[in-house]
>>> print(open('protein.txt').read())   # compact mmCIF, C-alpha atoms and all ligand atoms
# COMPACT_ATOMS: atom_id res chain seq x y z
CA MET Q 1 72.83 120.29 99.45
CA SER Q 2 72.77 118.22 96.30
CA ILE Q 3 75.58 115.89 95.44
CA PRO Q 4 77.45 117.08 92.35
CA PRO Q 5 77.48 114.71 89.38
CA PRO Q 6 80.47 112.36 89.13
CA ASN Q 7 83.52 113.47 87.30
CA ASP Q 8 83.15 110.83 84.64
CA PRO Q 9 82.83 112.23 81.15
CA PRO Q 10 79.67 111.64 79.21
CA PRO Q 11 79.71 108.18 77.65
CA VAL Q 12 80.58 109.27 74.16
CA THR Q 13 83.39 108.17 71.91
CA PRO Q 14 85.28 111.32 70.98
CA PHE Q 15 85.42 111.01 67.24
CA CYS Q 16 87.83 113.47 65.71
CA ALA Q 17 86.03 116.40 64.12
CA ARG Q 18 88.66 116.66 61.38
CA CYS Q 19 89.57 113.10 60.37
CA GLY Q 20 86.77 111.17 62.02
CA ALA Q 21 89.07 108.74 63.80
CA PRO Q 22 87.79 107.38 67.12
CA ASN Q 23 89.91 108.32 70.13
CA GLU Q 24 90.05 107.02 73.62
CA THR Q 25 88.02 108.94 76.13
CA GLY Q 26 90.24 111.34 78.03
CA LEU Q 27 92.49 112.35 75.16
CA THR Q 28 92.67 116.07 74.49
CA GLN Q 29 93.99 115.73 70.96
CA CYS Q 30 93.29 113.33 68.15
CA ALA Q 31 95.86 110.57 68.12
CA HIS Q 32 95.80 110.54 64.34
CA CYS Q 33 95.86 114.15 63.21
CA GLY Q 34 96.34 116.22 66.35
CA GLN Q 35 93.04 118.04 66.09
CA SER Q 36 91.89 119.26 69.46
CA LEU Q 37 89.08 117.06 70.65
CA LEU Q 38 87.84 119.67 73.10
CA ALA Q 39 86.47 121.95 70.40
CA ALA Q 40 84.66 119.01 68.82
CA TRP Q 41 82.60 118.47 71.95
CA PRO Q 42 79.68 120.77 72.42
CA PRO Q 43 79.24 121.91 76.02
CA PRO Q 44 76.67 119.59 77.54
CA PRO Q 45 73.67 121.24 79.15
CA GLY Q 46 74.16 119.38 82.41
CA GLY Q 47 77.38 121.21 83.12
CA TYR Q 48 79.76 118.29 82.85
CA ALA Q 49 83.38 119.35 82.81
CA PRO Q 50 85.64 118.04 80.06
CA PRO Q 51 87.33 114.84 81.23
CA GLN Q 52 90.81 116.32 81.27
CA ALA Q 53 89.69 119.21 83.48
CA TYR Q 54 88.82 117.42 86.66
CA PRO Q 55 87.82 119.99 89.22
CA PRO Q 56 90.31 120.35 92.04
CA GLN Q 57 89.39 118.44 95.14
CA THR Q 58 87.69 120.70 97.59
CA GLY Q 59 86.19 120.17 100.97
CA THR Q 60 88.93 118.40 102.87
CA SER Q 61 91.32 121.35 102.83
CA SER Q 62 88.84 124.19 102.85
CA PHE Q 63 90.10 125.47 106.17
CA GLY Q 64 93.20 126.89 104.58
CA GLY Q 65 95.59 124.80 106.64
CA LEU Q 66 94.57 126.29 109.96
CA ILE Q 67 92.71 123.22 111.18
CA PRO Q 68 94.58 119.90 110.96
CA ASP Q 69 91.53 118.05 109.78
CA LYS Q 70 93.64 115.06 108.71
CA ASN Q 71 95.22 114.79 112.14
CA PRO Q 72 92.35 114.29 114.58
CA SER Q 73 94.76 113.29 117.35
CA ALA Q 74 96.50 116.65 117.27
CA LEU Q 75 93.21 118.50 117.00
CA THR Q 76 91.68 116.60 119.91
CA ALA Q 77 94.85 117.10 121.95
CA TYR Q 78 94.62 120.82 121.29
CA TYR Q 79 91.08 121.08 122.64
CA LEU Q 80 91.74 118.70 125.52
CA GLY Q 81 94.77 120.79 126.43
CA ILE Q 82 92.62 123.89 126.56
CA PHE Q 83 89.94 122.14 128.61
CA SER Q 84 92.56 120.77 130.99
CA ILE Q 85 92.71 124.29 132.44
CA ILE Q 86 89.37 123.49 134.11
CA PRO Q 87 89.98 122.24 137.66
CA CYS Q 88 88.99 118.71 138.69
CA VAL Q 89 88.40 117.44 135.13
CA GLY Q 90 91.72 118.92 134.06
CA LEU Q 91 93.76 115.93 135.22
CA PRO Q 92 92.27 113.26 132.91
CA MET Q 93 91.95 115.78 130.11
CA GLY Q 94 95.55 116.87 130.53
CA ILE Q 95 96.74 113.27 130.43
CA ALA Q 96 94.61 112.57 127.36
CA ALA Q 97 95.90 115.73 125.70
CA LEU Q 98 99.47 114.66 126.42
CA ILE Q 99 98.95 111.19 124.94
CA LEU Q 100 96.98 112.38 121.92
CA GLY Q 101 99.42 115.24 121.36
CA LEU Q 102 102.36 112.83 121.27
CA ARG Q 103 100.42 110.58 118.91
CA GLY Q 104 99.54 113.53 116.69
CA LEU Q 105 103.15 114.67 116.69
CA ASP Q 106 104.29 111.21 115.60
CA LEU Q 107 101.76 111.32 112.77
CA VAL Q 108 103.12 114.68 111.61
CA LYS Q 109 106.67 113.29 111.68
CA GLU Q 110 105.64 110.36 109.49
CA HIS Q 111 103.23 112.28 107.28
CA PRO Q 112 104.08 115.99 107.25
CA GLU Q 113 101.22 116.71 104.88
CA VAL Q 114 98.61 116.05 107.55
CA ARG Q 115 99.75 119.12 109.51
CA GLY Q 116 98.69 119.66 113.11
CA ARG Q 117 102.16 120.00 114.64
CA THR Q 118 101.26 123.24 116.39
CA HIS Q 119 98.00 121.81 117.67
CA ALA Q 120 99.80 118.71 118.96
CA LEU Q 121 102.45 120.79 120.69
CA VAL Q 122 99.83 123.01 122.31
CA GLY Q 123 98.04 119.90 123.51
CA ILE Q 124 101.25 118.42 124.93
CA ILE Q 125 102.48 121.59 126.61
CA VAL Q 126 99.19 122.99 127.89
CA GLY Q 127 97.71 119.58 128.69
CA GLY Q 128 100.90 118.43 130.37
CA LEU Q 129 101.30 121.63 132.35
CA PHE Q 130 97.75 121.85 133.63
CA GLY Q 131 97.55 118.11 134.02
CA LEU Q 132 100.57 118.35 136.32
CA ILE Q 133 99.08 121.30 138.22
CA ASN Q 134 95.83 119.39 138.64
CA LEU Q 135 97.75 116.29 139.71
CA ILE Q 136 99.60 118.26 142.39
CA GLY Q 137 96.36 119.85 143.54
CA PHE Q 138 94.68 116.45 143.55
CA LEU Q 139 97.49 114.95 145.61
CA ILE Q 140 97.35 117.82 148.10
CA VAL Q 141 93.61 117.31 148.49
CA VAL Q 142 94.01 113.56 148.92
CA ALA Q 143 96.85 114.02 151.39
CA SER Q 144 94.79 116.42 153.48
CA MET Q 145 91.87 114.00 153.43
CA VAL Q 146 93.94 110.99 154.35
CA ASN Q 147 95.86 112.78 157.07
CA PRO Q 148 93.85 115.88 157.97
CA HIS Q 149 95.51 116.53 161.34
CA PRO Q 150 99.16 115.55 161.30
CA HIS Q 151 100.52 115.47 164.84
ZN ZN N 1 91.92 113.42 63.65
>>> encode(input="protein.txt", output="C-alpha cells")
Amino acid sequence: MSIPPPNDPPPVTPFCARCGAPNETGLTQCAHCGQSLLAAWPPPPGGYAPPQAYPPQTGTSSFGGLIPDKNPSALTAYYLGIFSIIPCVGLPMGIAALILGLRGLDLVKEHPEVRGRTHALVGIIVGGLFGLINLIGFLIVVASMVNPHPH
C-alpha cells in the first residue's frame, strides 16, 4: 500500500488570474480583487487536492465508533474480561481486566472523545465477576490441598 502524497499544496505562488496580484498560498480568493483562486489553478496531474480542501482524516476512526481504538486500556480490559471466563488463567486475567477497565473508565471520564466506556465496563464487570469466581475456586482448591482431611 503506497503512502499518499502529503497534503501540502504544490509550491506555486497563486497569482490572481484577473489582476495578477500574488496571494499567499492557502487563500481561496484574491486578497485584492476577490477573484476565486481555485479556478485559476489547473488540476495537477498528480492528483493533489487544493490546499483549502484537506481530505478528512481517515484511518483512526474507520471502525465507526465500535472499537475504542484510542482507549487501549478499555479495549484490553474488554478482551481480558472475556478471557477471564477461562478457568485457572481467569484469576490474573480478571484482575488485569478490573484494573485496566477502571483505568479505561477514568480515561473516558477525562476525555469522552476516546470512547470505550462500554468496553471498560464489560471488562470491569465480567473480569471482576469471573476473577472473583476463580479466586473462590482457587481458594477452595488451596484449602483442600493444605488441609485435605479435616478431623
Ligand atoms: Zn485579483
>>> closest_atom_pairs(input="protein.txt", of="chain Q", to="ligand ZN 1 (chain N)", cutoff="8 Å", atoms="all atoms listed in the file", output="JSON lines")
{"residue": "Q:Phe15", "atom": "CA", "partner": "N:ZN1", "partner_atom": "ZN", "distance": 7.8}
{"residue": "Q:Cys16", "atom": "CA", "partner": "N:ZN1", "partner_atom": "ZN", "distance": 4.6}
{"residue": "Q:Ala17", "atom": "CA", "partner": "N:ZN1", "partner_atom": "ZN", "distance": 6.6}
{"residue": "Q:Arg18", "atom": "CA", "partner": "N:ZN1", "partner_atom": "ZN", "distance": 5.1}
{"residue": "Q:Cys19", "atom": "CA", "partner": "N:ZN1", "partner_atom": "ZN", "distance": 4.0}
{"residue": "Q:Gly20", "atom": "CA", "partner": "N:ZN1", "partner_atom": "ZN", "distance": 5.9}
{"residue": "Q:Ala21", "atom": "CA", "partner": "N:ZN1", "partner_atom": "ZN", "distance": 5.5}
{"residue": "Q:Gln29", "atom": "CA", "partner": "N:ZN1", "partner_atom": "ZN", "distance": 7.9}
{"residue": "Q:Cys30", "atom": "CA", "partner": "N:ZN1", "partner_atom": "ZN", "distance": 4.7}
{"residue": "Q:Ala31", "atom": "CA", "partner": "N:ZN1", "partner_atom": "ZN", "distance": 6.6}
{"residue": "Q:His32", "atom": "CA", "partner": "N:ZN1", "partner_atom": "ZN", "distance": 4.9}
{"residue": "Q:Cys33", "atom": "CA", "partner": "N:ZN1", "partner_atom": "ZN", "distance": 4.0}
{"residue": "Q:Gly34", "atom": "CA", "partner": "N:ZN1", "partner_atom": "ZN", "distance": 5.9}
{"residue": "Q:Gln35", "atom": "CA", "partner": "N:ZN1", "partner_atom": "ZN", "distance": 5.3}
>>> closest_residue(input="protein.txt", among="Q:Val142, Q:Ile133, Q:Leu27, Q:Ile125", to="Pro87 in chain Q", atoms="only C-alpha atoms")
Q:Ile133
>>> residues_around(input="protein.txt", residues="Leu129 in chain Q", least_positions_apart="5", cutoff="10 Å", atoms="all atoms listed in the file", output="tab-separated table (two decimals) with C-alpha atoms, in the coordinates of the input")
chain	number	residue	atom	x	y	z
Q	81	GLY	CA	94.77	120.79	126.43
Q	84	SER	CA	92.56	120.77	130.99
Q	85	ILE	CA	92.71	124.29	132.44
Q	91	LEU	CA	93.76	115.93	135.22
Q	94	GLY	CA	95.55	116.87	130.53
Q	95	ILE	CA	96.74	113.27	130.43
Q	98	LEU	CA	99.47	114.66	126.42
Q	123	GLY	CA	98.04	119.90	123.51
Q	124	ILE	CA	101.25	118.42	124.93
Q	134	ASN	CA	95.83	119.39	138.64
Q	135	LEU	CA	97.75	116.29	139.71
>>> atom_distance(input="protein.txt", atom1="CA of Gly137 in chain Q", atom2="CA of Gly104 in chain Q")
27.8 Å
>>> closest_residue(input="protein.txt", among="Q:Leu75, Q:Ala120, Q:Val114, Q:Leu132", to="Pro92 in chain Q", atoms="all atoms listed in the file")
Q:Leu132
>>> closest_residue(input="protein.txt", among="Q:Leu37, Q:Asn71, Q:Gly90, Q:Thr118", to="Glu24 in chain Q", atoms="all atoms listed in the file")
Q:Leu37
>>> decode(input="protein.txt", residues="range 111-137 of chain Q", atoms="N, CA and C atoms", output="mmCIF file, in the first residue's frame")
data_model
loop_
_atom_site.group_PDB
_atom_site.id
_atom_site.type_symbol
_atom_site.label_atom_id
_atom_site.label_comp_id
_atom_site.auth_asym_id
_atom_site.auth_seq_id
_atom_site.Cartn_x
_atom_site.Cartn_y
_atom_site.Cartn_z
ATOM 1 N N HIS Q 111 -11.495 12.233 29.015
ATOM 2 C CA HIS Q 111 -11.525 12.514 27.574
ATOM 3 C C HIS Q 111 -12.658 11.713 26.955
ATOM 4 N N PRO Q 112 -13.865 12.249 26.958
ATOM 5 C CA PRO Q 112 -15.014 11.463 26.448
ATOM 6 C C PRO Q 112 -14.870 11.090 24.989
ATOM 7 N N GLU Q 113 -14.032 11.814 24.259
ATOM 8 C CA GLU Q 113 -13.947 11.547 22.826
ATOM 9 C C GLU Q 113 -13.217 10.249 22.518
ATOM 10 N N VAL Q 114 -12.507 9.684 23.501
ATOM 11 C CA VAL Q 114 -11.772 8.458 23.200
ATOM 12 C C VAL Q 114 -12.694 7.247 23.185
ATOM 13 N N ARG Q 115 -13.890 7.396 23.757
ATOM 14 C CA ARG Q 115 -14.853 6.295 23.824
ATOM 15 C C ARG Q 115 -14.291 5.122 24.628
ATOM 16 N N GLY Q 116 -15.006 3.995 24.553
ATOM 17 C CA GLY Q 116 -14.544 2.794 25.234
ATOM 18 C C GLY Q 116 -15.186 2.565 26.583
ATOM 19 N N ARG Q 117 -16.222 3.380 26.924
ATOM 20 C CA ARG Q 117 -16.846 3.227 28.237
ATOM 21 C C ARG Q 117 -17.483 1.850 28.363
ATOM 22 N N THR Q 118 -18.188 1.428 27.323
ATOM 23 C CA THR Q 118 -18.846 0.121 27.374
ATOM 24 C C THR Q 118 -17.822 -0.989 27.513
ATOM 25 N N HIS Q 119 -16.751 -0.888 26.728
ATOM 26 C CA HIS Q 119 -15.711 -1.909 26.794
ATOM 27 C C HIS Q 119 -15.099 -1.960 28.195
ATOM 28 N N ALA Q 120 -14.843 -0.782 28.772
ATOM 29 C CA ALA Q 120 -14.257 -0.738 30.112
ATOM 30 C C ALA Q 120 -15.201 -1.359 31.128
ATOM 31 N N LEU Q 121 -16.494 -1.032 31.012
ATOM 32 C CA LEU Q 121 -17.459 -1.571 31.969
ATOM 33 C C LEU Q 121 -17.573 -3.082 31.835
ATOM 34 N N VAL Q 122 -17.575 -3.572 30.600
ATOM 35 C CA VAL Q 122 -17.624 -5.026 30.394
ATOM 36 C C VAL Q 122 -16.402 -5.678 31.031
ATOM 37 N N GLY Q 123 -15.233 -5.047 30.826
ATOM 38 C CA GLY Q 123 -14.018 -5.583 31.421
ATOM 39 C C GLY Q 123 -14.099 -5.613 32.936
ATOM 40 N N ILE Q 124 -14.617 -4.527 33.531
ATOM 41 C CA ILE Q 124 -14.706 -4.456 34.991
ATOM 42 C C ILE Q 124 -15.683 -5.499 35.520
ATOM 43 N N ILE Q 125 -16.880 -5.543 34.913
ATOM 44 C CA ILE Q 125 -17.934 -6.409 35.448
ATOM 45 C C ILE Q 125 -17.599 -7.878 35.199
ATOM 46 N N VAL Q 126 -17.303 -8.205 33.931
ATOM 47 C CA VAL Q 126 -17.042 -9.606 33.598
ATOM 48 C C VAL Q 126 -15.737 -10.059 34.242
ATOM 49 N N GLY Q 127 -14.685 -9.227 34.105
ATOM 50 C CA GLY Q 127 -13.405 -9.580 34.698
ATOM 51 C C GLY Q 127 -13.493 -9.691 36.205
ATOM 52 N N GLY Q 128 -14.192 -8.752 36.824
ATOM 53 C CA GLY Q 128 -14.342 -8.791 38.275
ATOM 54 C C GLY Q 128 -15.128 -9.998 38.727
ATOM 55 N N LEU Q 129 -16.217 -10.289 38.009
ATOM 56 C CA LEU Q 129 -17.085 -11.402 38.386
ATOM 57 C C LEU Q 129 -16.347 -12.732 38.270
ATOM 58 N N PHE Q 130 -15.755 -12.965 37.094
ATOM 59 C CA PHE Q 130 -15.095 -14.251 36.893
ATOM 60 C C PHE Q 130 -13.766 -14.311 37.632
ATOM 61 N N GLY Q 131 -13.143 -13.156 37.825
ATOM 62 C CA GLY Q 131 -11.967 -13.139 38.674
ATOM 63 C C GLY Q 131 -12.301 -13.584 40.085
ATOM 64 N N LEU Q 132 -13.458 -13.111 40.588
ATOM 65 C CA LEU Q 132 -13.895 -13.480 41.934
ATOM 66 C C LEU Q 132 -14.231 -14.963 41.991
ATOM 67 N N ILE Q 133 -14.949 -15.450 40.963
ATOM 68 C CA ILE Q 133 -15.304 -16.872 40.928
ATOM 69 C C ILE Q 133 -14.039 -17.719 40.903
ATOM 70 N N ASN Q 134 -13.067 -17.298 40.082
ATOM 71 C CA ASN Q 134 -11.816 -18.048 40.007
ATOM 72 C C ASN Q 134 -11.052 -17.971 41.323
ATOM 73 N N LEU Q 135 -11.139 -16.809 41.979
ATOM 74 C CA LEU Q 135 -10.451 -16.654 43.268
ATOM 75 C C LEU Q 135 -11.048 -17.608 44.300
ATOM 76 N N ILE Q 136 -12.395 -17.674 44.325
ATOM 77 C CA ILE Q 136 -13.052 -18.574 45.277
ATOM 78 C C ILE Q 136 -12.674 -20.020 44.978
ATOM 79 N N GLY Q 137 -12.724 -20.359 43.677
ATOM 80 C CA GLY Q 137 -12.348 -21.717 43.292
ATOM 81 C C GLY Q 137 -10.911 -22.022 43.656
#
